[in-house]
>>> print(open('run_36.cif').read())   # mmCIF, C-alpha atoms
data_model
#
loop_
_atom_site.label_atom_id
_atom_site.label_comp_id
_atom_site.auth_asym_id
_atom_site.auth_seq_id
_atom_site.Cartn_x
_atom_site.Cartn_y
_atom_site.Cartn_z
CA MET A 1 0.00 0.00 0.00
CA ALA A 2 1.41 3.38 -0.98
CA ARG A 3 2.13 5.60 1.97
CA TYR A 4 0.31 8.55 0.40
CA PRO A 5 -2.08 8.75 -2.58
CA ALA A 6 -0.17 8.77 -5.90
CA THR A 7 -0.69 12.49 -6.58
CA ILE A 8 0.83 13.35 -3.21
CA GLU A 9 3.77 10.99 -3.80
CA GLN A 10 4.44 12.78 -7.10
CA LEU A 11 4.34 16.16 -5.38
CA ILE A 12 6.74 14.91 -2.69
CA THR A 13 9.13 13.73 -5.42
CA ALA A 14 8.90 17.11 -7.15
CA PHE A 15 9.84 18.93 -3.92
CA MET A 16 12.74 16.53 -3.36
CA ALA A 17 14.36 18.09 -6.44
CA LEU A 18 15.08 21.22 -4.36
CA PRO A 19 18.61 21.50 -2.93
CA GLY A 20 18.98 19.98 0.53
CA VAL A 21 15.40 18.70 0.63
CA GLY A 22 15.05 15.01 1.53
CA ARG A 23 11.95 12.87 1.81
CA LYS A 24 10.94 14.00 5.32
CA THR A 25 11.27 17.71 4.55
CA ALA A 26 9.37 17.29 1.28
CA GLU A 27 6.58 15.45 3.15
CA ARG A 28 6.37 18.30 5.66
CA TYR A 29 6.12 20.91 2.88
CA VAL A 30 3.47 18.94 1.01
CA VAL A 31 1.31 18.11 4.04
CA TYR A 32 1.53 21.75 5.13
CA LEU A 33 0.60 23.07 1.67
CA LEU A 34 -2.38 20.74 1.30
CA LYS A 35 -3.71 21.88 4.69
CA GLN A 36 -3.64 25.55 3.64
CA PRO A 37 -6.44 27.43 1.88
CA PRO A 38 -6.26 27.02 -1.94
CA GLU A 39 -4.86 30.57 -2.33
CA VAL A 40 -1.51 29.58 -0.82
CA VAL A 41 -0.87 26.87 -3.42
CA GLY A 42 -2.39 29.13 -6.10
CA GLN A 43 0.08 31.87 -5.18
CA LEU A 44 3.03 29.47 -5.40
CA VAL A 45 1.89 28.13 -8.77
CA ALA A 46 1.27 31.63 -10.16
CA THR A 47 4.62 33.06 -9.02
CA LEU A 48 6.52 29.97 -10.23
CA THR A 49 4.92 30.26 -13.64
CA SER A 50 5.43 34.00 -13.99
CA ALA A 51 9.00 33.94 -12.68
CA GLN A 52 9.91 31.25 -15.15
CA GLN A 53 8.37 33.20 -18.00
CA ALA A 54 9.53 36.70 -17.06
CA VAL A 55 13.00 36.08 -15.73
CA ARG A 56 15.93 35.82 -18.08
CA LEU A 57 19.65 36.21 -17.65
CA CYS A 58 21.39 39.54 -18.25
CA GLU A 59 23.33 39.27 -21.51
CA ARG A 60 26.37 40.89 -19.98
CA CYS A 61 26.71 39.54 -16.43
CA PHE A 62 24.30 36.53 -16.44
CA ASN A 63 22.49 37.72 -13.33
CA PHE A 64 18.69 37.40 -13.20
CA SER A 65 17.08 40.21 -15.16
CA ASN A 66 13.75 41.33 -16.52
CA GLY A 67 15.25 42.67 -19.77
CA LYS A 68 18.32 42.27 -21.98
CA LEU A 69 20.56 43.91 -19.38
CA CYS A 70 20.05 43.75 -15.62
CA ASP A 71 19.53 46.85 -13.45
CA ILE A 72 23.14 46.85 -12.26
CA CYS A 73 24.66 46.59 -15.75
CA GLN A 74 22.40 49.44 -16.93
CA SER A 75 22.99 51.72 -13.96
CA SER A 76 25.08 54.85 -14.42
CA GLN A 77 25.59 54.85 -10.64
CA ARG A 78 27.66 51.68 -10.85
CA ASP A 79 31.32 51.54 -11.80
CA GLN A 80 31.20 49.48 -15.00
CA THR A 81 34.99 49.08 -15.04
CA THR A 82 35.06 46.93 -11.88
CA VAL A 83 33.66 43.40 -12.13
CA CYS A 84 33.16 41.05 -9.17
CA VAL A 85 33.10 37.40 -10.29
CA VAL A 86 30.74 35.17 -8.26
CA SER A 87 29.39 31.67 -8.68
CA ASP A 88 25.67 32.47 -8.54
CA GLY A 89 22.94 35.04 -7.90
CA THR A 90 22.68 34.39 -4.15
CA ALA A 91 26.22 35.81 -3.73
CA VAL A 92 25.14 38.99 -5.56
CA ALA A 93 22.15 39.35 -3.23
CA ALA A 94 24.43 38.98 -0.17
CA LEU A 95 27.00 41.50 -1.47
CA GLU A 96 24.29 43.98 -2.45
CA GLN A 97 22.70 43.73 0.98
CA ALA A 98 26.04 44.33 2.71
CA ALA A 99 26.32 47.44 0.51
CA GLY A 100 29.52 49.39 -0.07
CA TYR A 101 30.21 47.83 -3.47
CA HIS A 102 29.54 50.05 -6.46
CA GLY A 103 30.95 47.96 -9.30
CA THR A 104 29.23 45.30 -11.39
CA TYR A 105 29.12 41.50 -11.26
CA HIS A 106 29.77 38.53 -13.47
CA ILE A 107 27.90 35.36 -12.56
CA LEU A 108 29.71 32.17 -13.57
CA GLY A 109 26.65 29.97 -13.04
CA GLY A 110 28.36 27.50 -10.70
CA THR A 111 31.85 26.34 -9.82
CA ILE A 112 34.20 23.83 -11.45
CA ASN A 113 33.33 20.47 -9.90
CA GLN A 114 34.69 17.40 -11.64
CA LEU A 115 32.67 15.08 -9.39
CA GLU A 116 29.43 16.62 -10.63
CA GLY A 117 30.74 16.85 -14.18
CA ILE A 118 30.87 20.66 -14.25
CA GLY A 119 33.90 21.81 -16.22
CA PRO A 120 35.03 25.36 -17.10
CA ASP A 121 33.14 25.18 -20.41
CA GLN A 122 29.77 25.02 -18.64
CA LEU A 123 30.54 28.25 -16.75
CA HIS A 124 30.47 31.78 -18.19
CA ILE A 125 34.28 32.14 -18.12
CA LYS A 126 34.75 32.65 -21.89
CA GLU A 127 32.20 35.45 -21.68
CA LEU A 128 34.13 37.03 -18.80
CA VAL A 129 37.39 37.00 -20.79
CA GLU A 130 35.55 38.48 -23.77
CA ARG A 131 33.88 41.12 -21.58
CA VAL A 132 37.21 42.19 -20.08
CA LYS A 133 38.65 42.55 -23.60
CA GLN A 134 35.68 44.38 -25.15
CA GLN A 135 34.80 46.75 -22.33
CA ALA A 136 37.17 48.97 -20.42
CA VAL A 137 37.32 46.67 -17.37
CA THR A 138 40.17 47.68 -15.08
CA GLU A 139 39.70 45.32 -12.13
CA VAL A 140 38.28 41.83 -11.70
CA ILE A 141 37.51 40.89 -8.07
CA LEU A 142 37.33 37.15 -7.41
CA GLY A 143 34.28 36.55 -5.20
CA THR A 144 33.87 32.77 -5.44
CA ASN A 145 33.38 30.94 -2.13
CA PRO A 146 36.54 30.17 -0.12
CA ASP A 147 35.94 26.42 -0.41
CA MET A 148 37.50 23.73 -2.59
CA THR A 149 35.46 24.16 -5.77
CA GLY A 150 35.36 27.95 -5.37
CA GLU A 151 39.17 28.10 -5.08
CA ALA A 152 39.64 25.80 -8.08
CA THR A 153 37.35 28.04 -10.11
CA ALA A 154 39.19 31.18 -8.97
CA LEU A 155 42.52 29.65 -10.06
CA TYR A 156 41.04 28.84 -13.46
CA VAL A 157 39.70 32.39 -13.86
CA ILE A 158 43.10 33.86 -12.89
CA ASP A 159 44.72 31.70 -15.56
CA ALA A 160 42.11 32.61 -18.20
CA LEU A 161 42.63 36.34 -17.54
CA LYS A 162 46.44 36.37 -17.34
CA ASP A 163 46.91 37.57 -20.96
CA SER A 164 44.37 40.37 -20.64
CA GLY A 165 46.53 42.52 -18.34
CA VAL A 166 43.55 43.35 -16.10
CA LEU A 167 44.13 43.76 -12.36
CA VAL A 168 42.80 40.64 -10.59
CA THR A 169 42.11 40.86 -6.84
CA ARG A 170 40.20 38.64 -4.45
CA LEU A 171 38.02 39.23 -1.39
CA ALA A 172 39.99 39.42 1.87
CA ARG A 173 40.30 36.36 4.09
CA GLY A 174 40.24 36.66 7.84
CA LEU A 175 38.15 36.24 10.97
CA SER A 176 34.39 36.60 10.52
CA ALA A 177 32.69 39.32 12.54
CA GLY A 178 31.31 37.88 15.78
CA SER A 179 33.40 34.72 15.52
CA ASP A 180 35.67 33.25 18.17
CA ILE A 181 39.43 32.89 17.62
CA GLU A 182 39.34 29.71 19.67
CA TYR A 183 37.13 28.03 17.08
CA ALA A 184 38.63 29.53 13.92
CA ASP A 185 40.21 26.97 11.59
CA ASP A 186 43.93 27.01 10.79
CA ILE A 187 43.62 28.40 7.27
CA THR A 188 41.44 31.29 8.42
CA LEU A 189 43.80 32.06 11.30
CA SER A 190 46.88 32.04 9.06
CA SER A 191 45.09 34.34 6.60
CA ALA A 192 44.07 36.67 9.41
CA LEU A 193 47.63 36.83 10.68
CA GLU A 194 49.18 37.26 7.25
CA ASN A 195 46.74 40.01 6.25
CA ARG A 196 46.88 41.90 9.57
CA LYS A 197 46.35 45.66 9.34
CA ALA A 198 47.87 48.55 11.25
CA VAL A 199 45.34 50.26 13.54
CA MET B 1 17.46 48.87 -5.74
CA ALA B 2 15.63 45.59 -5.19
CA ARG B 3 17.95 42.68 -4.50
CA TYR B 4 16.24 40.49 -7.13
CA PRO B 5 13.79 41.35 -9.91
CA ALA B 6 10.23 41.71 -8.57
CA THR B 7 8.98 38.38 -9.96
CA ILE B 8 11.80 36.56 -8.16
CA GLU B 9 11.11 38.45 -4.93
CA GLN B 10 7.46 37.31 -5.14
CA LEU B 11 8.54 33.73 -5.68
CA ILE B 12 10.90 33.92 -2.69
CA THR B 13 8.02 35.22 -0.55
CA ALA B 14 5.80 32.37 -1.75
CA PHE B 15 8.42 29.79 -0.73
CA MET B 16 8.83 31.46 2.67
CA ALA B 17 5.25 30.32 3.42
CA LEU B 18 6.57 26.74 3.77
CA PRO B 19 7.22 25.54 7.34
CA GLY B 20 10.77 26.20 8.55
CA VAL B 21 11.77 28.07 5.39
CA GLY B 22 13.38 31.48 5.95
CA ARG B 23 14.61 34.04 3.46
CA LYS B 24 18.00 32.36 2.78
CA THR B 25 16.53 28.90 2.21
CA ALA B 26 13.81 30.33 -0.04
CA GLU B 27 16.48 32.18 -2.06
CA ARG B 28 18.43 28.96 -2.48
CA TYR B 29 15.34 27.10 -3.70
CA VAL B 30 14.39 29.84 -6.14
CA VAL B 31 17.87 30.37 -7.59
CA TYR B 32 18.22 26.60 -7.97
CA LEU B 33 14.85 26.23 -9.67
CA LEU B 34 15.46 29.07 -12.12
CA LYS B 35 18.78 27.49 -13.13
CA GLN B 36 17.08 24.18 -13.98
CA PRO B 37 15.61 23.24 -17.36
CA PRO B 38 11.96 24.42 -17.68
CA GLU B 39 10.68 20.85 -17.14
CA VAL B 40 11.68 20.89 -13.46
CA VAL B 41 9.52 23.93 -12.67
CA GLY B 42 6.84 22.59 -15.02
CA GLN B 43 6.75 19.33 -13.07
CA LEU B 44 6.42 21.16 -9.76
CA VAL B 45 3.61 23.37 -11.08
CA ALA B 46 1.78 20.40 -12.62
CA THR B 47 1.99 18.19 -9.52
CA LEU B 48 0.99 21.07 -7.23
CA THR B 49 -2.05 21.80 -9.35
CA SER B 50 -3.14 18.17 -9.71
CA ALA B 51 -2.53 17.32 -6.04
CA GLN B 52 -4.62 20.26 -4.96
CA GLN B 53 -7.43 19.25 -7.29
CA ALA B 54 -7.35 15.49 -6.80
CA VAL B 55 -6.63 15.15 -3.11
CA ARG B 56 -9.44 15.29 -0.60
CA LEU B 57 -9.81 14.15 2.98
CA CYS B 58 -11.27 10.75 3.85
CA GLU B 59 -14.77 11.28 5.28
CA ARG B 60 -14.12 8.88 8.12
CA CYS B 61 -10.52 9.40 9.25
CA PHE B 62 -9.57 12.74 7.58
CA ASN B 63 -6.41 11.32 6.05
CA PHE B 64 -5.52 12.29 2.47
CA SER B 65 -7.56 10.28 0.02
CA ASN B 66 -8.47 10.08 -3.65
CA GLY B 67 -12.10 9.15 -2.96
CA LYS B 68 -14.77 9.42 -0.25
CA LEU B 69 -12.95 6.91 1.95
CA CYS B 70 -9.17 6.37 2.05
CA ASP B 71 -7.50 3.05 1.23
CA ILE B 72 -7.03 2.17 4.89
CA CYS B 73 -10.64 2.84 5.89
CA GLN B 74 -11.84 0.75 2.92
CA SER B 75 -9.47 -2.14 3.46
CA SER B 76 -10.83 -5.46 4.74
CA GLN B 77 -7.25 -6.30 5.79
CA ARG B 78 -7.31 -3.59 8.45
CA ASP B 79 -8.91 -3.93 11.86
CA GLN B 80 -11.64 -1.30 11.69
CA THR B 81 -12.33 -1.60 15.43
CA THR B 82 -8.93 -0.14 16.43
CA VAL B 83 -8.32 3.56 15.80
CA CYS B 84 -4.99 5.33 16.26
CA VAL B 85 -5.45 9.08 16.82
CA VAL B 86 -2.67 11.24 15.33
CA SER B 87 -2.24 14.94 14.71
CA ASP B 88 -1.55 14.80 10.96
CA GLY B 89 -0.81 12.72 7.87
CA THR B 90 2.97 12.64 8.35
CA ALA B 91 2.47 10.56 11.51
CA VAL B 92 0.37 8.07 9.52
CA ALA B 93 3.15 7.78 6.92
CA ALA B 94 5.72 7.12 9.66
CA LEU B 95 3.57 4.48 11.41
CA GLU B 96 2.71 2.77 8.10
CA GLN B 97 6.38 2.61 7.17
CA ALA B 98 7.31 1.12 10.54
CA ALA B 99 4.61 -1.48 9.78
CA GLY B 100 3.15 -3.85 12.35
CA TYR B 101 -0.02 -1.80 12.85
CA HIS B 102 -3.15 -3.23 11.29
CA GLY B 103 -5.81 -0.93 12.65
CA THR B 104 -7.08 2.37 11.25
CA TYR B 105 -6.31 6.03 11.95
CA HIS B 106 -8.08 9.21 12.89
CA ILE B 107 -6.32 12.43 11.89
CA LEU B 108 -7.12 15.37 14.15
CA GLY B 109 -5.67 17.95 11.76
CA GLY B 110 -3.31 19.53 14.29
CA THR B 111 -2.93 19.87 18.04
CA ILE B 112 -4.54 22.18 20.58
CA ASN B 113 -2.34 25.26 20.67
CA GLN B 114 -3.76 28.34 22.37
CA LEU B 115 -0.82 30.48 21.26
CA GLU B 116 -1.67 29.84 17.62
CA GLY B 117 -5.39 30.08 18.30
CA ILE B 118 -6.11 26.40 17.61
CA GLY B 119 -8.77 25.13 20.00
CA PRO B 120 -10.42 21.69 20.22
CA ASP B 121 -13.23 22.85 17.91
CA GLN B 122 -10.86 23.26 14.97
CA LEU B 123 -9.71 19.63 15.30
CA HIS B 124 -11.68 16.53 14.28
CA ILE B 125 -12.37 15.49 17.88
CA LYS B 126 -16.19 15.65 17.66
CA GLU B 127 -15.99 13.37 14.62
CA LEU B 128 -13.83 10.92 16.60
CA VAL B 129 -16.35 10.75 19.44
CA GLU B 130 -19.14 10.24 16.90
CA ARG B 131 -17.13 7.58 15.05
CA VAL B 132 -16.48 5.64 18.28
CA LYS B 133 -20.23 5.73 19.05
CA GLN B 134 -21.47 4.81 15.56
CA GLN B 135 -18.96 2.12 14.64
CA ALA B 136 -17.92 -0.84 16.74
CA VAL B 137 -14.63 0.76 17.83
CA THR B 138 -13.09 -1.19 20.73
CA GLU B 139 -9.78 0.60 21.21
CA VAL B 140 -8.52 4.15 20.66
CA ILE B 141 -4.71 4.46 20.67
CA LEU B 142 -3.42 7.98 21.39
CA GLY B 143 -0.62 8.67 18.91
CA THR B 144 -0.14 12.43 19.28
CA ASN B 145 3.45 13.62 19.70
CA PRO B 146 4.91 13.39 23.22
CA ASP B 147 5.36 17.16 23.41
CA MET B 148 3.39 19.92 25.14
CA THR B 149 0.65 20.51 22.60
CA GLY B 150 0.44 16.79 21.76
CA GLU B 151 -0.04 15.91 25.43
CA ALA B 152 -2.65 18.63 25.92
CA THR B 153 -4.55 17.28 22.92
CA ALA B 154 -4.31 13.71 24.21
CA LEU B 155 -5.74 14.79 27.58
CA TYR B 156 -8.62 16.52 25.81
CA VAL B 157 -9.34 13.41 23.71
CA ILE B 158 -9.28 11.19 26.82
CA ASP B 159 -11.82 13.49 28.42
CA ALA B 160 -14.02 13.61 25.32
CA LEU B 161 -14.10 9.80 25.14
CA LYS B 162 -14.61 9.05 28.81
CA ASP B 163 -18.40 8.50 28.48
CA SER B 164 -18.09 6.17 25.49
CA GLY B 165 -16.63 3.29 27.46
CA VAL B 166 -14.03 2.59 24.75
CA LEU B 167 -10.57 1.35 25.81
CA VAL B 168 -8.11 4.26 25.44
CA THR B 169 -4.37 3.44 25.29
CA ARG B 170 -1.34 5.41 24.31
CA LEU B 171 1.94 4.65 22.52
CA ALA B 172 4.70 3.47 24.89
CA ARG B 173 7.29 5.93 26.19
CA GLY B 174 10.90 4.88 26.64
CA LEU B 175 14.37 5.06 25.17
CA SER B 176 14.59 5.47 21.40
CA ALA B 177 16.42 2.77 19.48
CA GLY B 178 20.06 3.75 18.95
CA SER B 179 19.92 6.49 21.59
CA ASP B 180 22.30 6.97 24.49
CA ILE B 181 21.14 6.75 28.11
CA GLU B 182 23.66 9.44 29.03
CA TYR B 183 21.83 11.99 26.86
CA ALA B 184 18.24 10.88 27.52
CA ASP B 185 16.09 13.50 29.24
CA ASP B 186 14.62 12.95 32.71
CA ILE B 187 11.04 12.35 31.58
CA THR B 188 12.09 9.74 29.02
CA LEU B 189 14.31 8.00 31.56
CA SER B 190 11.58 7.90 34.21
CA SER B 191 9.16 6.48 31.62
CA ALA B 192 11.71 3.87 30.55
CA LEU B 193 12.24 2.82 34.16
CA GLU B 194 8.57 2.77 35.04
CA ASN B 195 7.60 0.77 31.95
CA ARG B 196 10.49 -1.72 32.18
CA LYS B 197 9.76 -5.20 30.83
CA ALA B 198 10.90 -8.63 31.99
CA VAL B 199 13.31 -10.25 29.55
#
>>> encode(input="run_36.cif", output="structure tokens")
Amino acid sequence: MARYPATIEQLITAFMALPGVGRKTAERYVVYLLKQPPEVVGQLVATLTSAQQAVRLCERCFNFSNGKLCDICQSSQRDQTTVCVVSDGTAVAALEQAAGYHGTYHILGGTINQLEGIGPDQLHIKELVERVKQQAVTEVILGTNPDMTGEATALYVIDALKDSGVLVTRLARGLSAGSDIEYADDITLSSALENRKAV
Amino acid sequence: MARYPATIEQLITAFMALPGVGRKTAERYVVYLLKQPPEVVGQLVATLTSAQQAVRLCERCFNFSNGKLCDICQSSQRDQTTVCVVSDGTAVAALEQAAGYHGTYHILGGTINQLEGIGPDQLHIKELVERVKQQAVTEVILGTNPDMTGEATALYVIDALKDSGVLVTRLARGLSAGSDIEYADDITLSSALENRKAV
């Protein structure tokens, strides 16, 4: 006997496609949704449909956009000569919220990960090299995550840009705000020590 | 400047309606979904729509069902005189998977929770009392969660059934399989001691 009616099982499977969602979490989402008034599910269906139809990728930076170019690439308030390279749109959202950055972005669309079969050709690295050549880009800031695949991707980008003569920098490494030195890992501590600043 | 285009912001808000999903998790889901081929979102939209249309509640036990009565309430293999009372459908799924139970269920549709404004009248307790009277129910097993609202609900159900003369039992309390006595809480340990069995 199936544990849930077939339509519910299918919905659970569909939710399990989301990142980090296993069977139990998917069940919780589905049971919750089916207990809600029809408007809640209607709202989810409507926004999913319209987001999929309306949202496209900016032709220059590959961030989400409503038109050919995204708001940031079109803005005269932003320094179009500085490009921060990140793996995906969530990093842009985090950097924008922190504020203080007035340049533009370039979204690679992931990181190099041989285990998952993602090579440099699936990422927007060619387009970055082309963009640096075509536009008057003076600085490329590497903003990939400081983890294994992020570092590998950063190294690849450095290599791809070495003939272009553009200044390549990367986000500073050090102690996170509110963290505890006692629990900081070795690599973070060495970075913090190496990059110490006069006060 | 909005952090994402408006359609994406709306989709993020829609996902934040799910239980336990905050802004960051919703962002991850949305960015992931919009990176997938259109079929993935299409599948989610289609299953959401069909589940909402096809799924109804069993008229007897209030579990999810495709027809008037659910598979369990219709089955001649199940002991229709034993009813396990649970708060929602996820508990049924867990008990069915564990197997070994051959009776039926009664889904209350939540637990009594004054803070969230859920009183006994919003739960299917009246229907349980009626069901026990009308059908030849001989045993009601309390299967609400062993937490504060679950216990309060169980007490209310016990009280509601006290005139019906039906045998009311509850699921055993004790140490979980694979757990560690050192980390068991006091209430669990007292229950385990009190309910000890001869070997």
>>> interface_residues(input="run_36.cif", of="chain A", to="chain B", cutoff="6 Å", atoms="only C-alpha atoms", output="PyMOL selection string")
chain A and resi 3+7-8+11+14+18+29+44-45+47+51+93
>>> residues_around(input="run_36.cif", residues="Gly150 of chain B", least_positions_apart="3", cutoff="10 Å", atoms="only C-alpha atoms", output="number ranges by chain")
B: 86-87, 110-113, 142-147, 153-156
>>> closest_residue(input="run_36.cif", among="A:Glu59, A:Ala152, A:Gly22, A:Thr169", to="Gly119 of chain A", atoms="only C-alpha atoms")
A:Ala152
>>> atom_distance(input="run_36.cif", atom1="atom CA of Val129 of chain B", atom2="atom CA of Gln74 of chain B")
19.8 Å
>>> residues_around(input="run_36.cif", residues="Arg196 of chain A", least_positions_apart="6", cutoff="12 Å", atoms="all atoms listed in the file", output="list in words")
Ala172, Arg173, Gly174, Leu175, Thr188, Leu189 and Ser190 of chain A
>>> atom_distance(input="run_36.cif", atom1="atom CA of Gly117 of chain B", atom2="atom CA of Ala26 of chain B")
26.6 Å
>>> closest_residue(input="run_36.cif", among="A:Glu127, A:Cys58, A:Ile107, A:Val132", to="Thr82 of chain A", atoms="only C-alpha atoms")
A:Val132
>>> resolve_selection(input="run_36.cif", expression="the PyMOL selection byres ((chain A and resi 123) around 7)", output="list in words")
Leu108, Gly109, Gly110, Pro120, Asp121, Gln122, His124 and Ile125 of chain A
>>> closest_residue(input="run_36.cif", among="A:Ala136, A:Ala91, A:Ile158, A:Ile118", to="His106 of chain A", atoms="all atoms listed in the file")
A:Ala91
>>> atom_distance(input="run_36.cif", atom1="atom CA of Cys61 of chain A", atom2="atom CA of Arg78 of chain A")
13.4 Å
